[in-house]
Amino acid sequence: TQLLEQSPQFLSIQEGENLTVYCNSSSVFSSLQWYRQEPGEGPVLLVTVVTGGEVKKLKRLTFQFGDARKDSSLHITAAQPGDTGLYLCAGGNAGGTSYGKLTFGQGTILTVHP
Amino acid sequence: NAGVTQTPKFRILKIGQSMTLQCTQDMNHNYMYWYRQDPGMGLKLIYYSVGAGITDKGEVPNGYNVSRSTTEDFPLRLELAAPSQTSVYFCASSGASDTGELFFGEGSRLTVL
């Protein structure tokens with residue numbers, strides 16, 4: 001069974017601060033997705049990374065896939081209250097009987113105070 | 001822009017009762033999934049389907065059943081509700097395997113008393 005460990009589980013910061021969320025595994029994944037979830041809604045995809053060492057930027061969010069494809073990080077620069085939410089990483093495997101099934105981390109609850 | 005629609009949004013059940021959570025998608029996706037979300041536990045896969053008539057167990061299938069008679073619909077059945085099934089349930093669909101994006105419904109909050 002593949003596992004993804006996210007840290008920290010909770011993060012409470014002031015507007016304008018920077019933060020990093022980590023997603024680690026002992027297993028190799030073919031791809032790593034990051035989702036954001038707001039209360040009362042389902043998760044929404046932010047980004048997919050598929051190549052070891054890949055870095056993707058989405059405005060103030062920077063996503064990195066580890067060289068060995070066992071870990072990933074999400075960095076937010078100058079956090080804003082609108083960034084508040086639950087962030088989930090999810091690992092996927094290619095081919096065979098993967099059928100798009102994802103393994104999710106436990107999630108990081110981010111609260112950004114004005 | 002319907003996407004994935006789940007009903008009901010909230011439900012309270014007594015121990016031993018049965019119910020069905022409905023899920024329908026209008027994106028013509030082949031792959032559909034049911035996840036449950038518990039605090040601090042992320043999302044756990046219950047069942048999934050790769051097309052009409054084909055379903056398979058996920059990580060936590062005990063106490064649940066599914067069917068997939070059409071591409072659009074993927075209902076989740078709880079036969080004998082137990083307190084351990086108190087959770088938020090999410091249905092999702094995907095148009096591609098491997099790196100395909102999962103599109104989620106808004107969730108169904110189930111409480112078993």
# chains A, B, ... in the order shown; residues from 1 in each chain; ligands from 1

call {"tool": "closest_atom_pairs", "arguments": {"of": "chain A", "to": "chain B", "cutoff": "9 Å", "atoms": "only C-alpha atoms", "output": "CSV"}}
result
residue,atom,partner,partner_atom,distance
A:Gln9,CA,B:Gly40,CA,7.6
A:Ser30,CA,B:Asp98,CA,7.8
A:Ser31,CA,B:Thr99,CA,6.2
A:Leu32,CA,B:Thr99,CA,8.1
A:Gln33,CA,B:Thr99,CA,8.2
A:Gly40,CA,B:Glu106,CA,6.6
A:Glu41,CA,B:Glu106,CA,4.5
A:Gly42,CA,B:Glu106,CA,4.6
A:Pro43,CA,B:Phe104,CA,6.3
A:Val44,CA,B:Phe103,CA,7.1
A:Leu45,CA,B:Glu101,CA,6.7
A:Val47,CA,B:Glu101,CA,9.0
A:Thr48,CA,B:Thr99,CA,7.2
A:Val49,CA,B:Thr99,CA,8.6
A:Val50,CA,B:Thr99,CA,7.8
A:Leu88,CA,B:Gly42,CA,7.4
A:Gly92,CA,B:Asp98,CA,6.3
A:Asn93,CA,B:Asp98,CA,5.9
A:Ala94,CA,B:Asp98,CA,4.7
A:Gly95,CA,B:Asp98,CA,6.6
A:Ser98,CA,B:Asp98,CA,6.7
A:Tyr99,CA,B:Ser97,CA,5.0
A:Gly100,CA,B:Ser97,CA,4.1
A:Lys101,CA,B:Asp98,CA,7.8
A:Leu102,CA,B:Leu45,CA,8.1
A:Thr103,CA,B:Lys44,CA,7.7
A:Phe104,CA,B:Leu43,CA,5.8
A:Gly105,CA,B:Gly42,CA,5.5
A:Gln106,CA,B:Gly42,CA,3.8
A:Gly107,CA,B:Gly42,CA,5.6
A:Thr108,CA,B:Gly40,CA,8.6

call {"tool": "residues_around", "arguments": {"residues": "Gly53 (chain B)", "least_positions_apart": "4", "cutoff": "10 Å", "atoms": "only C-alpha atoms", "output": "list in words"}}
result
Ser49, Ser67, Arg68, Ser69, Thr70 and Thr71 of chain B

call {"tool": "select_by_dssp", "arguments": {"residues": "chain A", "states": "strand (DSSP E or B)", "output": "CSV table (one decimal) with all heavy atoms, in the first residue's frame"}}
result
chain,number,residue,atom,x,y,z
A,5,GLU,N,2.5,11.2,3.2
A,5,GLU,CA,2.5,11.9,4.4
A,5,GLU,C,2.6,13.4,4.1
A,5,GLU,O,3.6,13.8,3.5
A,5,GLU,CB,3.6,11.5,5.3
A,5,GLU,CG,3.6,10.0,5.7
A,5,GLU,CD,2.5,9.7,6.8
A,5,GLU,OE1,2.2,10.7,7.5
A,5,GLU,OE2,2.1,8.6,6.9
A,6,GLN,N,1.6,14.2,4.6
A,6,GLN,CA,1.6,15.6,4.4
A,6,GLN,C,2.0,16.3,5.7
A,6,GLN,O,1.6,15.8,6.8
A,6,GLN,CB,0.2,16.1,4.0
A,6,GLN,CG,0.1,16.3,2.5
A,6,GLN,CD,-1.2,17.0,2.1
A,6,GLN,OE1,-2.1,16.3,1.7
A,6,GLN,NE2,-1.3,18.3,2.3
A,7,SER,N,2.8,17.3,5.6
A,7,SER,CA,3.1,18.1,6.8
A,7,SER,C,3.2,19.6,6.4
A,7,SER,O,3.7,19.9,5.3
A,7,SER,CB,4.4,17.6,7.4
A,7,SER,OG,5.5,17.7,6.5
A,10,PHE,N,-1.7,21.4,10.2
A,10,PHE,CA,-2.3,22.7,10.4
A,10,PHE,C,-1.3,23.8,10.2
A,10,PHE,O,-0.1,23.6,10.6
A,10,PHE,CB,-3.0,22.8,11.8
A,10,PHE,CG,-4.0,21.7,12.1
A,10,PHE,CD1,-3.6,20.6,12.8
A,10,PHE,CD2,-5.3,21.9,11.7
A,10,PHE,CE1,-4.6,19.6,13.0
A,10,PHE,CE2,-6.3,20.9,12.0
A,10,PHE,CZ,-5.9,19.8,12.6
A,11,LEU,N,-1.7,24.9,9.6
A,11,LEU,CA,-0.8,26.0,9.4
A,11,LEU,C,-1.7,27.3,9.6
A,11,LEU,O,-2.7,27.5,8.8
A,11,LEU,CB,-0.2,25.9,8.0
A,11,LEU,CG,1.1,26.7,7.7
A,11,LEU,CD1,2.1,26.4,8.8
A,11,LEU,CD2,1.6,26.3,6.4
A,12,SER,N,-1.3,28.1,10.5
A,12,SER,CA,-2.0,29.4,10.8
A,12,SER,C,-1.0,30.5,10.7
A,12,SER,O,-0.1,30.6,11.5
A,12,SER,CB,-2.7,29.4,12.2
A,12,SER,OG,-3.4,30.6,12.4
A,13,ILE,N,-1.2,31.4,9.7
A,13,ILE,CA,-0.2,32.4,9.4
A,13,ILE,C,-0.9,33.8,9.2
A,13,ILE,O,-2.1,33.8,9.0
A,13,ILE,CB,0.7,32.1,8.2
A,13,ILE,CG1,-0.2,32.0,7.0
A,13,ILE,CG2,1.5,30.8,8.5
A,13,ILE,CD1,0.6,31.8,5.7
A,14,GLN,N,-0.1,34.8,9.2
A,14,GLN,CA,-0.6,36.2,8.9
A,14,GLN,C,-0.5,36.5,7.4
A,14,GLN,O,0.4,35.9,6.7
A,14,GLN,CB,0.2,37.2,9.7
A,14,GLN,CG,0.0,37.1,11.2
A,14,GLN,CD,-1.5,37.4,11.6
A,14,GLN,OE1,-2.1,36.6,12.3
A,14,GLN,NE2,-2.0,38.5,11.2
A,19,LEU,N,4.9,30.3,3.0
A,19,LEU,CA,4.7,29.0,3.7
A,19,LEU,C,5.0,27.9,2.7
A,19,LEU,O,5.0,28.1,1.5
A,19,LEU,CB,3.3,28.8,4.2
A,19,LEU,CG,2.2,28.8,3.1
A,19,LEU,CD1,1.6,27.4,3.0
A,19,LEU,CD2,1.2,29.8,3.3
A,20,THR,N,5.4,26.7,3.2
A,20,THR,CA,5.6,25.5,2.4
A,20,THR,C,4.9,24.4,3.0
A,20,THR,O,5.0,24.1,4.2
A,20,THR,CB,7.1,25.2,2.3
A,20,THR,OG1,7.8,26.4,1.7
A,20,THR,CG2,7.4,24.0,1.4
A,21,VAL,N,4.2,23.6,2.2
A,21,VAL,CA,3.6,22.3,2.6
A,21,VAL,C,4.3,21.2,1.9
A,21,VAL,O,4.7,21.3,0.7
A,21,VAL,CB,2.1,22.3,2.2
A,21,VAL,CG1,1.4,21.0,2.5
A,21,VAL,CG2,1.4,23.5,2.8
A,22,TYR,N,4.6,20.1,2.7
A,22,TYR,CA,5.3,19.0,2.2
A,22,TYR,C,4.5,17.8,2.0
A,22,TYR,O,3.6,17.5,2.8
A,22,TYR,CB,6.5,18.7,3.1
A,22,TYR,CG,7.5,19.9,3.2
A,22,TYR,CD1,7.3,20.8,4.2
A,22,TYR,CD2,8.5,20.1,2.3
A,22,TYR,CE1,8.2,21.9,4.4
A,22,TYR,CE2,9.3,21.2,2.4
A,22,TYR,CZ,9.2,22.1,3.4
A,22,TYR,OH,10.0,23.1,3.5
A,23,CYS,N,4.8,17.0,1.0
A,23,CYS,CA,4.1,15.7,0.8
A,23,CYS,C,5.2,14.7,0.5
A,23,CYS,O,5.9,14.8,-0.5
A,23,CYS,CB,3.2,15.9,-0.5
A,23,CYS,SG,2.2,14.5,-0.9
A,24,ASN,N,5.3,13.7,1.3
A,24,ASN,CA,6.4,12.7,1.3
A,24,ASN,C,5.9,11.3,1.2
A,24,ASN,O,4.9,10.9,1.9
A,24,ASN,CB,7.3,12.9,2.5
A,24,ASN,CG,8.0,14.2,2.4
A,24,ASN,OD1,8.8,14.5,1.5
A,24,ASN,ND2,7.7,15.0,3.4
A,31,SER,N,2.9,10.4,-11.1
A,31,SER,CA,2.4,11.8,-11.1
A,31,SER,C,2.0,12.2,-9.7
A,31,SER,O,1.7,11.4,-8.9
A,31,SER,CB,1.3,12.0,-12.1
A,31,SER,OG,0.1,11.2,-11.6
A,32,LEU,N,2.0,13.5,-9.5
A,32,LEU,CA,1.6,14.1,-8.2
A,32,LEU,C,0.7,15.3,-8.5
A,32,LEU,O,1.0,16.1,-9.3
A,32,LEU,CB,2.8,14.5,-7.5
A,32,LEU,CG,2.8,14.6,-5.9
A,32,LEU,CD1,1.8,15.6,-5.4
A,32,LEU,CD2,2.5,13.2,-5.4
A,33,GLN,N,-0.5,15.2,-7.9
A,33,GLN,CA,-1.5,16.3,-8.1
A,33,GLN,C,-1.7,17.0,-6.7
A,33,GLN,O,-1.5,16.4,-5.7
A,33,GLN,CB,-2.8,15.7,-8.6
A,33,GLN,CG,-2.7,15.0,-9.9
A,33,GLN,CD,-4.1,14.5,-10.4
A,33,GLN,OE1,-5.1,14.6,-9.7
A,33,GLN,NE2,-4.1,14.0,-11.6
A,34,TRP,N,-2.0,18.3,-6.8
A,34,TRP,CA,-2.3,19.1,-5.7
A,34,TRP,C,-3.7,19.6,-5.9
A,34,TRP,O,-4.1,20.2,-6.9
A,34,TRP,CB,-1.4,20.3,-5.5
A,34,TRP,CG,0.0,19.9,-4.9
A,34,TRP,CD1,1.1,19.5,-5.6
A,34,TRP,CD2,0.3,19.8,-3.5
A,34,TRP,NE1,2.1,19.2,-4.7
A,34,TRP,CE2,1.7,19.4,-3.4
A,34,TRP,CE3,-0.4,20.0,-2.3
A,34,TRP,CZ2,2.3,19.2,-2.2
A,34,TRP,CZ3,0.3,19.8,-1.1
A,34,TRP,CH2,1.6,19.4,-1.1
A,35,TYR,N,-4.6,19.4,-4.8
A,35,TYR,CA,-5.9,19.9,-4.9
A,35,TYR,C,-6.1,20.9,-3.7
A,35,TYR,O,-5.5,20.8,-2.7
A,35,TYR,CB,-6.9,18.8,-4.7
A,35,TYR,CG,-7.0,17.8,-5.9
A,35,TYR,CD1,-6.1,16.8,-6.1
A,35,TYR,CD2,-8.1,18.0,-6.8
A,35,TYR,CE1,-6.2,16.0,-7.2
A,35,TYR,CE2,-8.2,17.1,-7.9
A,35,TYR,CZ,-7.3,16.1,-8.1
A,35,TYR,OH,-7.4,15.3,-9.1
A,36,ARG,N,-7.1,21.8,-3.9
A,36,ARG,CA,-7.5,22.7,-2.8
A,36,ARG,C,-9.0,22.5,-2.6
A,36,ARG,O,-9.8,22.4,-3.6
A,36,ARG,CB,-7.2,24.2,-3.2
A,36,ARG,CG,-7.6,25.2,-2.2
A,36,ARG,CD,-7.0,26.5,-2.5
A,36,ARG,NE,-7.6,27.6,-1.7
A,36,ARG,CZ,-8.6,28.4,-2.0
A,36,ARG,NH1,-9.1,28.3,-3.2
A,36,ARG,NH2,-9.1,29.3,-1.2
A,37,GLN,N,-9.4,22.5,-1.3
A,37,GLN,CA,-10.8,22.2,-1.0
A,37,GLN,C,-11.3,23.3,0.0
A,37,GLN,O,-10.6,23.6,1.0
A,37,GLN,CB,-10.9,20.8,-0.3
A,37,GLN,CG,-12.3,20.4,0.0
A,37,GLN,CD,-12.4,19.0,0.6
A,37,GLN,OE1,-11.4,18.4,1.0
A,37,GLN,NE2,-13.6,18.5,0.7
A,44,VAL,N,-10.6,20.7,-5.7
A,44,VAL,CA,-10.4,21.3,-7.1
A,44,VAL,C,-9.0,21.2,-7.4
A,44,VAL,O,-8.1,21.6,-6.6
A,44,VAL,CB,-11.0,22.7,-7.2
A,44,VAL,CG1,-10.7,23.3,-8.6
A,44,VAL,CG2,-12.4,22.8,-6.9
A,45,LEU,N,-8.7,20.7,-8.6
A,45,LEU,CA,-7.3,20.5,-9.0
A,45,LEU,C,-6.6,21.8,-9.2
A,45,LEU,O,-7.1,22.8,-9.8
A,45,LEU,CB,-7.2,19.7,-10.3
A,45,LEU,CG,-5.8,19.5,-10.8
A,45,LEU,CD1,-5.1,18.5,-9.9
A,45,LEU,CD2,-5.8,18.9,-12.3
A,46,LEU,N,-5.3,21.9,-8.6
A,46,LEU,CA,-4.5,23.1,-8.8
A,46,LEU,C,-3.4,22.8,-9.9
A,46,LEU,O,-3.2,23.6,-10.7
A,46,LEU,CB,-3.8,23.5,-7.5
A,46,LEU,CG,-4.6,24.0,-6.3
A,46,LEU,CD1,-3.8,24.1,-5.1
A,46,LEU,CD2,-5.3,25.3,-6.7
A,47,VAL,N,-2.8,21.7,-9.7
A,47,VAL,CA,-1.7,21.4,-10.7
A,47,VAL,C,-1.4,19.9,-10.7
A,47,VAL,O,-1.7,19.2,-9.7
A,47,VAL,CB,-0.4,22.1,-10.2
A,47,VAL,CG1,0.2,21.4,-9.0
A,47,VAL,CG2,0.6,22.3,-11.3
A,48,THR,N,-0.8,19.4,-11.8
A,48,THR,CA,-0.3,18.1,-11.9
A,48,THR,C,1.2,18.1,-12.3
A,48,THR,O,1.5,18.9,-13.3
A,48,THR,CB,-1.1,17.3,-13.0
A,48,THR,OG1,-2.4,17.2,-12.6
A,48,THR,CG2,-0.5,15.8,-13.1
A,49,VAL,N,2.0,17.4,-11.6
A,49,VAL,CA,3.5,17.3,-12.0
A,49,VAL,C,3.8,15.9,-12.3
A,49,VAL,O,3.3,15.0,-11.6
A,49,VAL,CB,4.4,17.9,-10.9
A,49,VAL,CG1,4.3,19.4,-10.9
A,49,VAL,CG2,4.1,17.3,-9.5
A,55,VAL,N,9.2,21.8,-11.8
A,55,VAL,CA,8.7,22.9,-11.0
A,55,VAL,C,7.6,23.6,-11.9
A,55,VAL,O,7.8,23.9,-13.0
A,55,VAL,CB,9.8,23.9,-10.7
A,55,VAL,CG1,9.2,25.1,-10.0
A,55,VAL,CG2,10.9,23.3,-9.8
A,56,LYS,N,6.4,23.8,-11.2
A,56,LYS,CA,5.4,24.6,-11.9
A,56,LYS,C,4.9,25.7,-11.0
A,56,LYS,O,4.9,25.6,-9.8
A,56,LYS,CB,4.2,23.7,-12.2
A,56,LYS,CG,4.3,22.8,-13.4
A,56,LYS,CD,3.0,22.2,-13.8
A,56,LYS,CE,3.1,21.4,-15.1
A,56,LYS,NZ,1.9,20.7,-15.5
A,57,LYS,N,4.6,26.9,-11.7
A,57,LYS,CA,4.2,28.0,-10.9
A,57,LYS,C,2.8,28.4,-11.4
A,57,LYS,O,2.4,28.4,-12.5
A,57,LYS,CB,5.2,29.2,-11.1
A,57,LYS,CG,6.5,29.0,-10.5
A,57,LYS,CD,7.3,30.3,-10.5
A,57,LYS,CE,8.7,30.0,-9.8
A,57,LYS,NZ,9.5,31.3,-9.7
A,58,LEU,N,2.0,28.8,-10.4
A,58,LEU,CA,0.6,29.2,-10.6
A,58,LEU,C,0.5,30.5,-9.8
A,58,LEU,O,0.1,30.4,-8.6
A,58,LEU,CB,-0.4,28.1,-10.2
A,58,LEU,CG,-1.8,28.3,-10.5
A,58,LEU,CD1,-2.1,28.3,-12.0
A,58,LEU,CD2,-2.7,27.2,-9.8
A,61,LEU,N,1.8,30.5,-6.2
A,61,LEU,CA,2.0,29.2,-5.8
A,61,LEU,C,3.1,28.5,-6.6
A,61,LEU,O,3.0,28.6,-7.9
A,61,LEU,CB,0.7,28.4,-5.9
A,61,LEU,CG,-0.3,28.5,-4.8
A,61,LEU,CD1,-0.9,29.9,-4.6
A,61,LEU,CD2,-1.5,27.6,-5.0
A,62,THR,N,4.0,27.8,-6.0
A,62,THR,CA,5.1,27.1,-6.7
A,62,THR,C,5.0,25.6,-6.2
A,62,THR,O,5.1,25.4,-5.0
A,62,THR,CB,6.5,27.7,-6.4
A,62,THR,OG1,6.5,29.1,-6.8
A,62,THR,CG2,7.5,26.9,-7.2
A,63,PHE,N,5.0,24.7,-7.2
A,63,PHE,CA,4.9,23.3,-6.9
A,63,PHE,C,6.2,22.7,-7.5
A,63,PHE,O,6.6,23.0,-8.5
A,63,PHE,CB,3.7,22.7,-7.7
A,63,PHE,CG,2.4,23.3,-7.3
A,63,PHE,CD1,1.9,24.5,-8.0
A,63,PHE,CD2,1.6,22.8,-6.3
A,63,PHE,CE1,0.7,25.1,-7.7
A,63,PHE,CE2,0.4,23.4,-6.0
A,63,PHE,CZ,0.0,24.6,-6.7
A,64,GLN,N,6.7,21.7,-6.7
A,64,GLN,CA,7.9,21.0,-7.1
A,64,GLN,C,7.7,19.5,-6.9
A,64,GLN,O,7.1,19.1,-5.9
A,64,GLN,CB,9.1,21.5,-6.3
A,64,GLN,CG,10.4,20.8,-6.8
A,64,GLN,CD,11.6,21.6,-6.3
A,64,GLN,OE1,11.5,22.5,-5.5
A,64,GLN,NE2,12.8,21.2,-6.8
A,65,PHE,N,8.1,18.7,-7.9
A,65,PHE,CA,8.1,17.3,-7.8
A,65,PHE,C,9.5,16.8,-7.5
A,65,PHE,O,10.5,17.3,-8.2
A,65,PHE,CB,7.6,16.7,-9.1
A,65,PHE,CG,7.1,15.3,-9.0
A,65,PHE,CD1,6.8,14.6,-7.8
A,65,PHE,CD2,6.8,14.6,-10.2
A,65,PHE,CE1,6.3,13.4,-7.7
A,65,PHE,CE2,6.3,13.3,-10.1
A,65,PHE,CZ,6.0,12.7,-8.9
A,71,ASP,N,8.4,12.7,-3.5
A,71,ASP,CA,8.0,13.8,-2.7
A,71,ASP,C,7.6,15.0,-3.5
A,71,ASP,O,8.0,15.1,-4.7
A,71,ASP,CB,9.1,14.1,-1.7
A,71,ASP,CG,10.4,14.5,-2.3
A,71,ASP,OD1,11.2,13.5,-2.6
A,71,ASP,OD2,10.6,15.6,-2.7
A,72,SER,N,6.9,15.9,-2.9
A,72,SER,CA,6.5,17.1,-3.6
A,72,SER,C,6.3,18.2,-2.5
A,72,SER,O,6.2,17.9,-1.3
A,72,SER,CB,5.2,16.9,-4.3
A,72,SER,OG,4.8,18.1,-5.0
A,73,SER,N,6.4,19.5,-3.0
A,73,SER,CA,6.2,20.6,-2.1
A,73,SER,C,5.3,21.6,-2.8
A,73,SER,O,5.3,21.8,-4.0
A,73,SER,CB,7.5,21.2,-1.6
A,73,SER,OG,8.2,21.7,-2.7
A,74,LEU,N,4.6,22.4,-1.9
A,74,LEU,CA,3.8,23.5,-2.4
A,74,LEU,C,4.3,24.7,-1.6
A,74,LEU,O,4.2,24.7,-0.4
A,74,LEU,CB,2.3,23.2,-2.1
A,74,LEU,CG,1.4,24.4,-2.0
A,74,LEU,CD1,1.4,25.2,-3.3
A,74,LEU,CD2,0.0,24.0,-1.7
A,75,HIS,N,4.7,25.7,-2.3
A,75,HIS,CA,5.2,27.0,-1.6
A,75,HIS,C,4.3,28.1,-2.0
A,75,HIS,O,4.0,28.3,-3.2
A,75,HIS,CB,6.6,27.3,-2.0
A,75,HIS,CG,7.2,28.5,-1.4
A,75,HIS,ND1,7.6,28.5,-0.1
A,75,HIS,CD2,7.3,29.8,-1.8
A,75,HIS,CE1,8.1,29.7,0.3
A,75,HIS,NE2,7.9,30.5,-0.8
A,76,ILE,N,3.8,28.8,-1.0
A,76,ILE,CA,2.9,30.0,-1.3
A,76,ILE,C,3.7,31.2,-0.9
A,76,ILE,O,4.1,31.3,0.3
A,76,ILE,CB,1.6,29.9,-0.6
A,76,ILE,CG1,0.8,28.7,-1.1
A,76,ILE,CG2,0.7,31.2,-0.9
A,76,ILE,CD1,-0.5,28.5,-0.4
A,85,GLY,N,-7.8,27.3,3.2
A,85,GLY,CA,-8.5,26.1,2.7
A,85,GLY,C,-7.7,24.9,3.1
A,85,GLY,O,-6.7,24.9,3.8
A,86,LEU,N,-8.2,23.7,2.6
A,86,LEU,CA,-7.5,22.5,2.8
A,86,LEU,C,-6.8,22.1,1.6
A,86,LEU,O,-7.3,22.1,0.5
A,86,LEU,CB,-8.6,21.4,3.1
A,86,LEU,CG,-8.1,19.9,3.2
A,86,LEU,CD1,-7.1,19.8,4.4
A,86,LEU,CD2,-9.2,19.0,3.3
A,87,TYR,N,-5.5,21.8,1.7
A,87,TYR,CA,-4.6,21.5,0.6
A,87,TYR,C,-4.3,20.0,0.6
A,87,TYR,O,-3.9,19.5,1.7
A,87,TYR,CB,-3.4,22.3,0.5
A,87,TYR,CG,-3.6,23.7,0.2
A,87,TYR,CD1,-4.1,24.6,1.2
A,87,TYR,CD2,-3.5,24.2,-1.1
A,87,TYR,CE1,-4.4,26.0,0.8
A,87,TYR,CE2,-3.8,25.5,-1.5
A,87,TYR,CZ,-4.2,26.4,-0.5
A,87,TYR,OH,-4.5,27.7,-0.8
A,88,LEU,N,-4.6,19.3,-0.5
A,88,LEU,CA,-4.4,17.8,-0.5
A,88,LEU,C,-3.4,17.5,-1.6
A,88,LEU,O,-3.6,18.0,-2.8
A,88,LEU,CB,-5.7,17.1,-0.8
A,88,LEU,CG,-6.8,17.2,0.2
A,88,LEU,CD1,-8.2,17.0,-0.4
A,88,LEU,CD2,-6.5,16.2,1.3
A,89,CYS,N,-2.4,16.6,-1.3
A,89,CYS,CA,-1.6,16.1,-2.4
A,89,CYS,C,-2.1,14.7,-2.7
A,89,CYS,O,-2.7,14.0,-1.9
A,89,CYS,CB,-0.1,16.1,-2.0
A,89,CYS,SG,0.3,15.0,-0.7
A,90,ALA,N,-1.9,14.3,-3.9
A,90,ALA,CA,-2.4,13.0,-4.4
A,90,ALA,C,-1.5,12.4,-5.4
A,90,ALA,O,-1.1,13.1,-6.4
A,90,ALA,CB,-3.8,13.1,-5.0
A,91,GLY,N,-1.1,11.1,-5.2
A,91,GLY,CA,-0.2,10.5,-6.1
A,91,GLY,C,-0.9,9.5,-7.0
A,91,GLY,O,-1.8,8.8,-6.6
A,92,GLY,N,-0.4,9.4,-8.2
A,92,GLY,CA,-1.0,8.5,-9.2
A,92,GLY,C,0.1,7.6,-9.8
A,92,GLY,O,1.2,7.9,-9.8
A,102,LEU,N,-6.1,7.5,-7.2
A,102,LEU,CA,-5.1,8.4,-6.6
A,102,LEU,C,-5.0,8.0,-5.1
A,102,LEU,O,-6.0,7.6,-4.5
A,102,LEU,CB,-5.5,9.8,-6.7
A,102,LEU,CG,-5.6,10.4,-8.1
A,102,LEU,CD1,-6.1,11.9,-8.0
A,102,LEU,CD2,-4.2,10.4,-8.7
A,103,THR,N,-3.8,8.1,-4.6
A,103,THR,CA,-3.6,8.0,-3.1
A,103,THR,C,-3.4,9.4,-2.6
A,103,THR,O,-2.5,10.2,-3.0
A,103,THR,CB,-2.3,7.2,-2.9
A,103,THR,OG1,-2.4,5.9,-3.4
A,103,THR,CG2,-2.0,7.1,-1.4
A,104,PHE,N,-4.3,9.7,-1.6
A,104,PHE,CA,-4.3,11.1,-1.1
A,104,PHE,C,-3.5,11.2,0.3
A,104,PHE,O,-3.5,10.2,1.1
A,104,PHE,CB,-5.7,11.6,-0.8
A,104,PHE,CG,-6.4,12.0,-2.0
A,104,PHE,CD1,-7.1,11.1,-2.8
A,104,PHE,CD2,-6.5,13.3,-2.4
A,104,PHE,CE1,-7.7,11.5,-4.0
A,104,PHE,CE2,-7.1,13.8,-3.5
A,104,PHE,CZ,-7.8,12.8,-4.3
A,108,THR,N,-3.5,19.4,4.5
A,108,THR,CA,-3.0,20.5,5.3
A,108,THR,C,-4.1,21.6,5.4
A,108,THR,O,-4.5,22.1,4.3
A,108,THR,CB,-1.7,21.1,4.8
A,108,THR,OG1,-0.7,20.1,4.8
A,108,THR,CG2,-1.3,22.3,5.5
A,109,ILE,N,-4.5,22.0,6.6
A,109,ILE,CA,-5.5,23.0,6.7
A,109,ILE,C,-4.8,24.3,6.9
A,109,ILE,O,-4.0,24.5,7.9
A,109,ILE,CB,-6.4,22.8,7.9
A,109,ILE,CG1,-7.2,21.5,7.7
A,109,ILE,CG2,-7.4,23.9,8.2
A,109,ILE,CD1,-8.1,21.0,8.9
A,110,LEU,N,-4.9,25.2,5.9
A,110,LEU,CA,-4.2,26.5,6.0
A,110,LEU,C,-5.2,27.6,6.3
A,110,LEU,O,-6.3,27.7,5.7
A,110,LEU,CB,-3.6,26.8,4.6
A,110,LEU,CG,-3.0,28.2,4.4
A,110,LEU,CD1,-1.9,28.5,5.4
A,110,LEU,CD2,-2.6,28.5,3.0
A,111,THR,N,-4.9,28.4,7.3
A,111,THR,CA,-5.6,29.6,7.7
A,111,THR,C,-4.8,30.8,7.6
A,111,THR,O,-3.7,30.9,8.2
A,111,THR,CB,-6.2,29.5,9.1
A,111,THR,OG1,-7.0,28.3,9.2
A,111,THR,CG2,-7.1,30.7,9.4
A,112,VAL,N,-5.2,31.8,6.7
A,112,VAL,CA,-4.4,33.0,6.6
A,112,VAL,C,-5.2,34.2,7.2
A,112,VAL,O,-6.3,34.5,6.7
A,112,VAL,CB,-4.1,33.3,5.1
A,112,VAL,CG1,-3.3,34.6,5.0
A,112,VAL,CG2,-3.4,32.1,4.4
A,113,HIS,N,-4.7,34.8,8.2
A,113,HIS,CA,-5.4,35.8,9.0
A,113,HIS,C,-5.0,37.2,8.3
A,113,HIS,O,-3.9,37.5,8.0
A,113,HIS,CB,-5.0,35.8,10.4
A,113,HIS,CG,-5.3,34.5,11.1
A,113,HIS,ND1,-6.5,34.2,11.6
A,113,HIS,CD2,-4.5,33.5,11.4
A,113,HIS,CE1,-6.5,33.0,12.1
A,113,HIS,NE2,-5.3,32.6,12.0

call {"tool": "residues_around", "arguments": {"residues": "Gln80 (chain A)", "least_positions_apart": "2", "cutoff": "6 Å", "atoms": "only C-alpha atoms", "output": "JSON, numbers by chain"}}
result
{"A": [15, 82, 83]}

call {"tool": "write_last_selection", "arguments": {"atoms": "C-alpha atoms", "output": "mmCIF file, in the first residue's frame"}}
result
data_model
loop_
_atom_site.group_PDB
_atom_site.id
_atom_site.type_symbol
_atom_site.label_atom_id
_atom_site.label_comp_id
_atom_site.auth_asym_id
_atom_site.auth_seq_id
_atom_site.Cartn_x
_atom_site.Cartn_y
_atom_site.Cartn_z
ATOM 1 C CA GLU A 15 -1.334 37.725 5.527
ATOM 2 C CA GLY A 82 -8.244 33.887 -0.034
ATOM 3 C CA ASP A 83 -5.617 31.115 0.138
#

call {"tool": "residues_around", "arguments": {"residues": "Ala78 (chain A)", "least_positions_apart": "6", "cutoff": "7 Å", "atoms": "only C-alpha atoms", "output": "compact mmCIF listing (two decimals) with N, CA and C atoms, in the first residue's frame"}}
result
# COMPACT_ATOMS: atom_id res chain seq x y z
N GLU A 15 -1.38 37.29 6.92
CA GLU A 15 -1.33 37.72 5.53
C GLU A 15 0.05 38.27 5.21
N GLY A 16 0.58 37.89 4.06
CA GLY A 16 1.88 38.37 3.62
C GLY A 16 3.03 37.42 3.91
N GLU A 17 2.81 36.46 4.78
CA GLU A 17 3.87 35.49 5.09
C GLU A 17 3.98 34.46 3.98
N ASN A 18 5.13 33.79 3.95
CA ASN A 18 5.37 32.68 3.02
C ASN A 18 5.19 31.37 3.77
